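So this block is final.tsv, TSV, C-alpha atoms and all ligand atoms:
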chain	number	residue	atom	x	y	z
A	1	MET	CA	0.00	0.00	0.00
A	2	ARG	CA	1.02	3.63	-0.37
A	3	GLY	CA	1.71	5.87	2.62
A	4	VAL	CA	3.21	9.22	3.54
A	5	VAL	CA	6.62	9.10	5.18
A	6	MET	CA	8.53	12.06	6.60
A	7	GLU	CA	12.15	11.11	5.98
A	8	SER	CA	13.52	14.13	7.80
A	9	ALA	CA	12.53	17.74	8.40
A	10	GLY	CA	11.07	19.19	5.20
A	11	ASP	CA	11.35	15.89	3.28
A	12	VAL	CA	7.95	14.26	2.75
A	13	ARG	CA	7.60	11.27	0.42
A	14	VAL	CA	4.84	8.93	-0.63
A	15	GLU	CA	6.21	5.40	-0.67
A	16	ASP	CA	5.30	1.73	-0.71
A	17	VAL	CA	4.99	0.83	2.97
A	18	ALA	CA	4.14	-2.35	4.88
A	19	ASP	CA	0.44	-3.25	4.65
A	20	ALA	CA	-1.70	-2.31	7.66
A	21	ARG	CA	-2.50	-5.56	9.51
A	22	ILE	CA	-4.09	-6.72	12.74
A	23	HIS	CA	-1.33	-7.07	15.37
A	24	LYS	CA	-3.44	-7.38	18.50
A	25	PRO	CA	-6.96	-8.74	19.10
A	26	THR	CA	-8.11	-5.18	19.96
A	27	ASP	CA	-6.98	-3.74	16.57
A	28	ALA	CA	-9.05	-2.82	13.54
A	29	VAL	CA	-7.87	-2.08	10.02
A	30	ILE	CA	-9.64	0.62	8.04
A	31	LYS	CA	-9.53	1.64	4.40
A	32	LEU	CA	-9.19	5.41	4.49
A	33	THR	CA	-11.85	7.39	2.69
A	34	ALA	CA	-9.98	10.63	3.34
A	35	ALA	CA	-6.93	11.72	5.29
A	36	CYS	CA	-5.38	15.09	6.01
A	37	ILE	CA	-2.36	17.05	7.16
A	38	CYS	CA	-2.41	18.50	10.67
A	39	GLY	CA	-0.91	21.78	11.83
A	40	SER	CA	0.99	19.67	14.37
A	41	ASP	CA	2.65	17.77	11.47
A	42	LEU	CA	4.40	21.05	10.71
A	43	TRP	CA	6.42	20.94	13.95
A	44	PRO	CA	8.62	18.04	12.71
A	45	TYR	CA	8.40	19.37	9.13
A	46	ARG	CA	9.98	22.62	10.30
A	47	GLY	CA	12.59	20.82	12.42
A	48	ALA	CA	11.06	21.89	15.75
A	49	GLN	CA	10.58	18.21	16.68
A	50	PRO	CA	12.86	15.28	15.76
A	51	VAL	CA	11.71	13.05	12.91
A	52	ASP	CA	13.34	10.09	11.16
A	53	HIS	CA	11.56	8.03	8.49
A	54	GLN	CA	8.21	8.35	10.22
A	55	MET	CA	4.80	7.36	8.84
A	56	MET	CA	2.49	10.34	9.14
A	57	GLY	CA	-1.18	10.94	9.77
A	58	HIS	CA	-3.42	10.80	12.82
A	59	GLU	CA	-6.77	12.12	11.51
A	60	TYR	CA	-8.92	9.59	9.73
A	61	VAL	CA	-12.28	8.40	8.49
A	62	GLY	CA	-12.89	5.23	6.58
A	63	VAL	CA	-14.45	1.82	6.26
A	64	VAL	CA	-13.48	-1.06	8.54
A	65	THR	CA	-11.98	-3.92	6.53
A	66	GLU	CA	-10.84	-6.25	9.33
A	67	VAL	CA	-11.13	-6.50	13.12
A	68	GLY	CA	-9.25	-8.42	15.79
A	69	SER	CA	-10.98	-11.16	17.77
A	70	ASP	CA	-11.70	-8.93	20.80
A	71	VAL	CA	-13.29	-6.05	18.89
A	72	LYS	CA	-17.02	-5.78	19.58
A	73	SER	CA	-18.23	-2.28	18.65
A	74	VAL	CA	-17.37	-2.20	14.94
A	75	GLU	CA	-17.28	-4.73	12.12
A	76	PRO	CA	-16.11	-4.87	8.51
A	77	GLY	CA	-18.18	-2.53	6.35
A	78	ASP	CA	-18.84	0.02	9.10
A	79	PHE	CA	-17.94	3.64	8.36
A	80	VAL	CA	-15.97	5.00	11.31
A	81	VAL	CA	-14.42	8.18	12.66
A	82	GLY	CA	-11.64	7.85	15.19
A	83	SER	CA	-9.83	10.07	17.63
A	84	PHE	CA	-6.17	10.98	17.11
A	85	CYS	CA	-5.65	9.74	20.69
A	86	LEU	CA	-6.03	6.01	21.18
A	87	SER	CA	-8.00	4.92	24.23
A	88	ASP	CA	-9.39	1.72	25.70
A	89	GLY	CA	-12.43	3.49	27.11
A	90	THR	CA	-12.32	1.31	30.22
A	91	CYS	CA	-9.40	2.39	32.41
A	92	GLU	CA	-9.96	4.70	35.36
A	93	ILE	CA	-8.68	7.78	33.51
A	94	CYS	CA	-10.94	7.05	30.52
A	95	THR	CA	-13.99	6.57	32.72
A	96	ASP	CA	-13.08	9.80	34.56
A	97	GLY	CA	-13.57	11.49	31.18
A	98	TYR	CA	-9.99	11.89	29.95
A	99	PRO	CA	-9.54	9.31	27.17
A	100	SER	CA	-6.68	11.33	25.68
A	101	ARG	CA	-4.64	10.35	28.76
A	102	CYS	CA	-5.74	6.67	28.75
A	103	VAL	CA	-3.25	4.58	30.74
A	104	ASN	CA	-3.13	2.08	27.85
A	105	GLY	CA	-3.43	4.67	25.11
A	106	GLY	CA	-1.12	6.49	22.78
A	107	PHE	CA	-1.29	8.48	19.59
A	108	MET	CA	-2.58	7.36	16.23
A	109	SER	CA	-0.07	7.34	13.36
A	110	GLY	CA	0.15	6.15	9.80
A	111	ALA	CA	-3.25	7.46	8.68
A	112	GLN	CA	-1.93	9.36	5.66
A	113	ALA	CA	-2.09	6.12	3.70
A	114	GLU	CA	-4.46	3.81	1.87
A	115	TYR	CA	-5.12	1.68	4.94
A	116	ALA	CA	-4.39	2.13	8.63
A	117	ARG	CA	-4.23	-0.05	11.71
A	118	VAL	CA	-6.24	1.41	14.59
A	119	PRO	CA	-5.24	0.01	18.00
A	120	LEU	CA	-7.85	-0.15	20.82
A	121	ALA	CA	-10.62	-0.01	18.22
A	122	ASP	CA	-13.51	-0.34	20.69
A	123	GLY	CA	-12.44	2.65	22.74
A	124	THR	CA	-11.17	4.79	19.86
A	125	LEU	CA	-13.56	4.42	16.90
A	126	VAL	CA	-17.13	5.64	16.57
A	127	LYS	CA	-19.43	4.24	13.90
A	128	THR	CA	-21.55	6.69	11.90
A	129	PRO	CA	-25.33	6.06	11.62
A	130	GLY	CA	-24.81	4.76	8.06
A	131	GLN	CA	-22.63	5.25	4.99
A	132	PRO	CA	-22.15	9.01	4.72
A	133	ASP	CA	-22.90	11.10	1.68
A	134	ALA	CA	-19.67	12.30	0.01
A	135	SER	CA	-20.46	15.89	1.06
A	136	LEU	CA	-20.17	14.90	4.74
A	137	ILE	CA	-16.71	13.32	4.47
A	138	PRO	CA	-14.63	16.50	5.05
A	139	SER	CA	-16.69	17.41	8.13
A	140	LEU	CA	-16.45	13.90	9.59
A	141	LEU	CA	-12.70	13.96	8.96
A	142	ALA	CA	-12.45	17.31	10.76
A	143	ALA	CA	-14.16	15.72	13.79
A	144	SER	CA	-11.22	13.29	14.13
A	145	ASP	CA	-8.93	16.03	15.39
A	146	VAL	CA	-9.29	19.75	14.58
A	147	LEU	CA	-13.00	20.03	15.33
A	148	GLY	CA	-12.70	17.88	18.45
A	149	THR	CA	-9.65	19.84	19.56
A	150	GLY	CA	-11.25	23.24	18.93
A	151	TRP	CA	-14.35	21.99	20.74
A	152	PHE	CA	-12.28	20.92	23.73
A	153	GLY	CA	-10.53	24.31	23.71
A	154	ALA	CA	-13.90	26.05	23.92
A	155	VAL	CA	-15.19	23.69	26.63
A	156	ALA	CA	-11.93	24.03	28.62
A	157	ALA	CA	-12.27	27.82	28.35
A	158	GLN	CA	-15.83	27.44	29.69
A	159	ALA	CA	-17.42	29.06	26.63
A	160	GLY	CA	-21.18	29.31	26.97
A	161	PRO	CA	-24.23	31.58	26.97
A	162	GLY	CA	-23.49	35.17	27.96
A	163	LYS	CA	-19.74	34.70	27.60
A	164	THR	CA	-17.26	36.64	25.52
A	165	VAL	CA	-14.80	34.20	23.96
A	166	ALA	CA	-11.48	35.22	22.40
A	167	VAL	CA	-9.57	32.78	20.20
A	168	VAL	CA	-5.80	33.09	19.81
A	169	GLY	CA	-4.68	31.42	16.56
A	170	ASP	CA	-6.41	31.39	13.17
A	171	GLY	CA	-5.27	27.95	12.07
A	172	ALA	CA	-7.77	25.13	11.63
A	173	VAL	CA	-8.08	24.47	15.39
A	174	GLY	CA	-8.65	28.15	16.19
A	175	LEU	CA	-11.34	28.35	13.51
A	176	MET	CA	-12.98	25.21	14.89
A	177	ALA	CA	-12.91	26.72	18.40
A	178	ILE	CA	-14.92	29.64	16.99
A	179	LEU	CA	-17.47	27.22	15.53
A	180	ALA	CA	-17.60	25.42	18.90
A	181	ALA	CA	-18.03	28.63	20.91
A	182	ARG	CA	-20.94	29.55	18.66
A	183	GLN	CA	-22.56	26.13	19.13
A	184	LEU	CA	-22.04	26.36	22.89
A	185	GLY	CA	-23.98	29.64	22.89
A	186	ALA	CA	-21.30	32.29	23.43
A	187	SER	CA	-22.69	35.79	22.86
A	188	ARG	CA	-19.53	37.39	21.55
A	189	ILE	CA	-16.65	35.66	19.77
A	190	ILE	CA	-13.45	37.53	19.01
A	191	ALA	CA	-11.12	36.01	16.42
A	192	MET	CA	-7.49	37.07	16.62
A	193	SER	CA	-6.27	36.97	13.02
A	194	ARG	CA	-4.53	39.17	10.50
A	195	HIS	CA	-5.26	37.13	7.36
A	196	ALA	CA	-8.23	38.25	5.26
A	197	SER	CA	-9.23	34.76	4.07
A	198	ARG	CA	-9.06	33.34	7.62
A	199	GLN	CA	-10.99	36.31	9.01
A	200	ARG	CA	-13.72	35.60	6.45
A	201	LEU	CA	-13.92	31.95	7.47
A	202	ALA	CA	-13.84	32.96	11.16
A	203	ARG	CA	-16.92	35.14	10.58
A	204	GLU	CA	-18.63	32.29	8.71
A	205	PHE	CA	-18.02	30.03	11.70
A	206	GLY	CA	-19.46	32.60	14.12
A	207	ALA	CA	-16.87	35.27	15.00
A	208	THR	CA	-18.50	38.61	15.84
A	209	ASP	CA	-15.28	40.66	16.13
A	210	ILE	CA	-11.77	40.51	14.68
A	211	VAL	CA	-8.61	41.67	16.43
A	212	GLU	CA	-5.50	41.91	14.24
A	213	GLU	CA	-2.97	42.88	16.90
A	214	ARG	CA	-0.78	40.24	18.51
A	215	GLY	CA	0.99	39.74	21.82
A	216	ASP	CA	0.43	42.40	24.48
A	217	ALA	CA	-1.16	44.72	21.90
A	218	GLY	CA	-3.63	41.92	21.07
A	219	ALA	CA	-4.49	41.40	24.73
A	220	GLU	CA	-4.91	45.17	25.15
A	221	ALA	CA	-7.29	45.23	22.17
A	222	ILE	CA	-9.38	42.48	23.81
A	223	ARG	CA	-9.55	44.48	27.05
A	224	LYS	CA	-10.68	47.55	25.11
A	225	LEU	CA	-13.56	45.53	23.65
A	226	THR	CA	-14.60	44.27	27.09
A	227	ASN	CA	-14.80	47.35	29.34
A	228	GLY	CA	-11.17	46.95	30.28
A	229	LEU	CA	-11.81	43.53	31.85
A	230	GLY	CA	-10.73	40.94	29.27
A	231	ALA	CA	-12.63	37.96	27.85
A	232	HIS	CA	-14.42	35.41	30.04
A	233	SER	CA	-13.02	32.60	27.93
A	234	VAL	CA	-9.86	32.46	25.86
A	235	VAL	CA	-8.86	29.56	23.62
A	236	GLU	CA	-5.13	29.25	22.93
A	237	ALA	CA	-4.62	27.34	19.66
A	238	VAL	CA	-0.98	27.94	18.72
A	239	GLY	CA	1.40	26.60	21.39
A	240	THR	CA	4.11	29.26	21.54
A	241	GLN	CA	5.25	31.42	24.44
A	242	GLU	CA	3.82	34.53	22.78
A	243	SER	CA	0.41	33.00	22.07
A	244	MET	CA	0.11	31.52	25.57
A	245	MET	CA	0.92	34.83	27.25
A	246	GLN	CA	-1.40	36.61	24.82
A	247	ALA	CA	-4.17	34.24	25.91
A	248	ILE	CA	-3.46	34.66	29.62
A	249	HIS	CA	-3.30	38.45	29.31
A	250	ALA	CA	-6.54	38.55	27.29
A	251	ALA	CA	-8.51	36.70	30.01
A	252	ARG	CA	-10.32	38.58	32.76
A	253	SER	CA	-9.82	37.76	36.42
A	254	GLY	CA	-11.87	34.68	37.19
A	255	GLY	CA	-11.88	33.82	33.48
A	256	SER	CA	-10.62	30.68	31.80
A	257	VAL	CA	-7.97	29.81	29.25
A	258	GLY	CA	-8.39	26.55	27.32
A	259	PHE	CA	-5.04	25.72	25.73
A	260	VAL	CA	-4.91	23.24	22.87
A	261	GLY	CA	-1.93	24.41	20.79
A	262	VAL	CA	0.81	21.79	21.18
A	263	SER	CA	3.10	23.48	23.70
A	264	HIS	CA	6.62	24.25	22.48
A	265	GLY	CA	8.90	25.96	24.97
A	266	VAL	CA	6.07	27.64	26.89
A	267	GLU	CA	6.95	28.82	30.40
A	268	ILE	CA	4.42	30.63	32.57
A	269	PRO	CA	5.86	32.87	35.31
A	270	GLY	CA	4.46	31.96	38.74
A	271	SER	CA	3.72	35.61	39.45
A	272	GLU	CA	1.38	35.69	36.43
A	273	LEU	CA	-0.28	32.46	37.51
A	274	PHE	CA	-0.83	33.78	41.01
A	275	GLY	CA	-1.68	37.37	40.16
A	276	LYS	CA	-4.17	36.82	37.33
A	277	GLU	CA	-6.48	34.46	39.22
A	278	ILE	CA	-7.64	32.58	36.12
A	279	HIS	CA	-8.52	29.00	35.29
A	280	LEU	CA	-6.03	27.20	33.04
A	281	PHE	CA	-6.92	23.87	31.48
A	282	GLY	CA	-5.75	22.16	28.32
A	283	GLY	CA	-3.74	19.42	26.69
A	284	PRO	CA	-4.38	16.81	24.00
A	285	ALA	CA	-8.13	16.94	23.42
A	286	PRO	CA	-10.29	14.03	24.62
A	287	VAL	CA	-11.85	13.94	21.15
A	288	ARG	CA	-13.39	10.50	21.70
A	289	LEU	CA	-15.58	12.01	24.40
A	290	PHE	CA	-17.08	14.54	21.97
A	291	LEU	CA	-17.26	12.32	18.84
A	292	PRO	CA	-20.81	10.95	19.21
A	293	ASP	CA	-22.20	14.49	19.67
A	294	LEU	CA	-20.05	15.97	16.88
A	295	ILE	CA	-21.00	13.19	14.44
A	296	ASP	CA	-24.64	13.81	15.28
A	297	ARG	CA	-24.37	17.56	14.61
A	298	ILE	CA	-22.58	16.89	11.29
A	299	TRP	CA	-25.04	14.17	10.27
A	300	ASN	CA	-27.95	16.57	10.90
A	301	HIS	CA	-26.25	19.39	8.93
A	302	GLN	CA	-26.16	21.55	12.05
A	303	ILE	CA	-22.45	22.31	11.51
A	304	ASP	CA	-20.17	22.24	8.48
A	305	PRO	CA	-16.62	22.13	9.87
A	306	GLY	CA	-15.40	20.58	6.58
A	307	LYS	CA	-15.20	24.12	5.18
A	308	VAL	CA	-11.86	24.36	6.97
A	309	PHE	CA	-10.27	22.27	4.19
A	310	ASP	CA	-9.26	24.72	1.49
A	311	LEU	CA	-7.03	22.43	-0.56
A	312	THR	CA	-7.66	18.85	-1.69
A	313	LEU	CA	-4.89	16.75	-3.21
A	314	PRO	CA	-4.40	13.09	-4.12
A	315	LEU	CA	-2.38	11.23	-1.48
A	316	GLU	CA	0.46	10.90	-3.99
A	317	ARG	CA	0.92	14.69	-3.91
A	318	ALA	CA	1.10	14.94	-0.09
A	319	ALA	CA	4.45	16.74	-0.25
A	320	GLU	CA	2.77	19.68	-2.02
A	321	GLY	CA	0.17	19.76	0.74
A	322	TYR	CA	2.83	20.01	3.47
A	323	LYS	CA	4.51	22.83	1.57
A	324	ALA	CA	1.24	24.73	1.11
A	325	MET	CA	0.45	24.48	4.83
A	326	ASP	CA	4.01	25.36	5.83
A	327	GLU	CA	3.86	28.50	3.68
A	328	ARG	CA	0.36	29.25	5.03
A	329	ARG	CA	-1.09	29.14	1.52
A	330	ALA	CA	-3.54	26.52	2.77
A	331	ILE	CA	-5.34	26.34	6.11
A	332	LYS	CA	-5.81	22.59	5.98
A	333	VAL	CA	-5.17	20.02	3.28
A	334	LEU	CA	-7.37	17.02	2.60
A	335	LEU	CA	-5.65	14.00	1.02
A	336	GLN	CA	-7.52	11.51	-1.13
A	337	PRO	CA	-6.03	8.02	-0.96
A	401	ZN	ZN	-8.25	4.19	29.15

Would you mind giving the structure from this file in structure tokens?
Amino acid sequence: MRGVVMESAGDVRVEDVADARIHKPTDAVIKLTAACICGSDLWPYRGAQPVDHQMMGHEYVGVVTEVGSDVKSVEPGDFVVGSFCLSDGTCEICTDGYPSRCVNGGFMSGAQAEYARVPLADGTLVKTPGQPDASLIPSLLAASDVLGTGWFGAVAAQAGPGKTVAVVGDGAVGLMAILAARQLGASRIIAMSRHASRQRLAREFGATDIVEERGDAGAEAIRKLTNGLGAHSVVEAVGTQESMMQAIHAARSGGSVGFVGVSHGVEIPGSELFGKEIHLFGGPAPVRLFLPDLIDRIWNHQIDPGKVFDLTLPLERAAEGYKAMDERRAIKVLLQP
């Protein structure tokens, strides 16, 4: 089968790779209907994370072709969406509601390919109500990571009715957090973005205001819009020191920051933590927890997160997709196996 391999930073190839097979009785194999490139794939691509001949891809939708002997919730022929975090769904951490930190879990990989092995299938995959119409595929694929992650960011930031929500980061996850805040009933949603095309999409997803400034100037602009207080809820969807501090400074006292950008070199001074008196919660999103609800909203055409994909390429041209995302010419790239 064909699969995407990152040889080293900046070097993405599509190669013949070992066929996806059942290794453990809890595994499933799926034939991918669509795959995509994640903003987090750019960290190794840019050399900010080590990489050596690694199969790529952790967002996936497809049809089950084979299951291990212990798998009970899905069977060959089922259309499934899975979380980028693998989880058994039964350990104490999973049942506490944190499947992304499952004690037996890990991260999905190898989904930018024709087929993929999904470990812990029962606790990781969710079956759709039937075979989806082709128009639903991008949205279901988004649910696998970016939508679920943006949703978690909004929930972690306690977005809800009457709240002003600010979103730091206009990548796919930030845009999905805007959609989530809207669905959760936030009254005002401020997108922090300086790119016209992303601002337009942000407004389509529910943003009511746009702030173009960054860093301390960005936080100051948020305070100006909120009677000098700051936002009730801030979603941090980048993962850098500047974006994290921008998020913390944009939150009002008693407010909440939901951080979902993969943290790279972020350090929060204790004096800020103590002095601001805010709630901080984040990490890898427990997407599996939200999947049944998200699939339902997509299936009923209540949300259309698939609009976040602005470039579609055949799997064979994955390298072009990485380049387009790296150069910010594309927000998110869908790959067709
Ligand atoms: Zn678990």

Query - Val257 (chain A) environment, 7 Å, only C-alpha atoms, sequence neighbours closer than 3 positions dropped, as a VMD selection string - result: chain A and resid 157 233 to 236 247 to 248 251 279 to 281

Requested in this report: Using all atoms listed in the file, find the one residue out of A:Asp296, A:Asp133, A:Glu114, A:Asp88 that sits nearest to ligand ZN 401 (chain A).
Outcome: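 Going through A:Asp296, A:Asp133, A:Glu114, A:Asp88 one by one, the smallest distance to ligand ZN 401 (chain A) is for A:Asp88.
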
Taking a cut-off of 7 Å and counting only C-alpha atoms and all ligand atoms, can you build a table that, for each residue of chain A near ligand ZN 401 (chain A), reports the nearest atom pair and how far apart they are in Å (one decimal), sorted by chain then residue number, as a tab-separated table?
residue	atom	partner	partner_atom	distance
A:Ser87	CA	A:ZN401	ZN	5.0
A:Asp88	CA	A:ZN401	ZN	4.4
A:Gly89	CA	A:ZN401	ZN	4.7
A:Thr90	CA	A:ZN401	ZN	5.1
A:Cys91	CA	A:ZN401	ZN	3.9
A:Glu92	CA	A:ZN401	ZN	6.5
A:Ile93	CA	A:ZN401	ZN	5.7
A:Cys94	CA	A:ZN401	ZN	4.2
A:Pro99	CA	A:ZN401	ZN	5.6
A:Cys102	CA	A:ZN401	ZN	3.6
A:Val103	CA	A:ZN401	ZN	5.3
A:Asn104	CA	A:ZN401	ZN	5.7
A:Gly105	CA	A:ZN401	ZN	6.3

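Proximity ranking of A:Leu140, A:Ala166, A:Ala20, A:Met244 relative to Thr226 (chain A) places A:Ala166 first, based on all atoms listed in the file.
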
Query - Selected residue of minimal separation from Gln246 (chain A) among A:Glu316, A:Glu267, A:Glu7, A:Glu220, counting only C-alpha atoms - result: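 With only C-alpha atoms as the atom set, the closest residue is A:Glu220.
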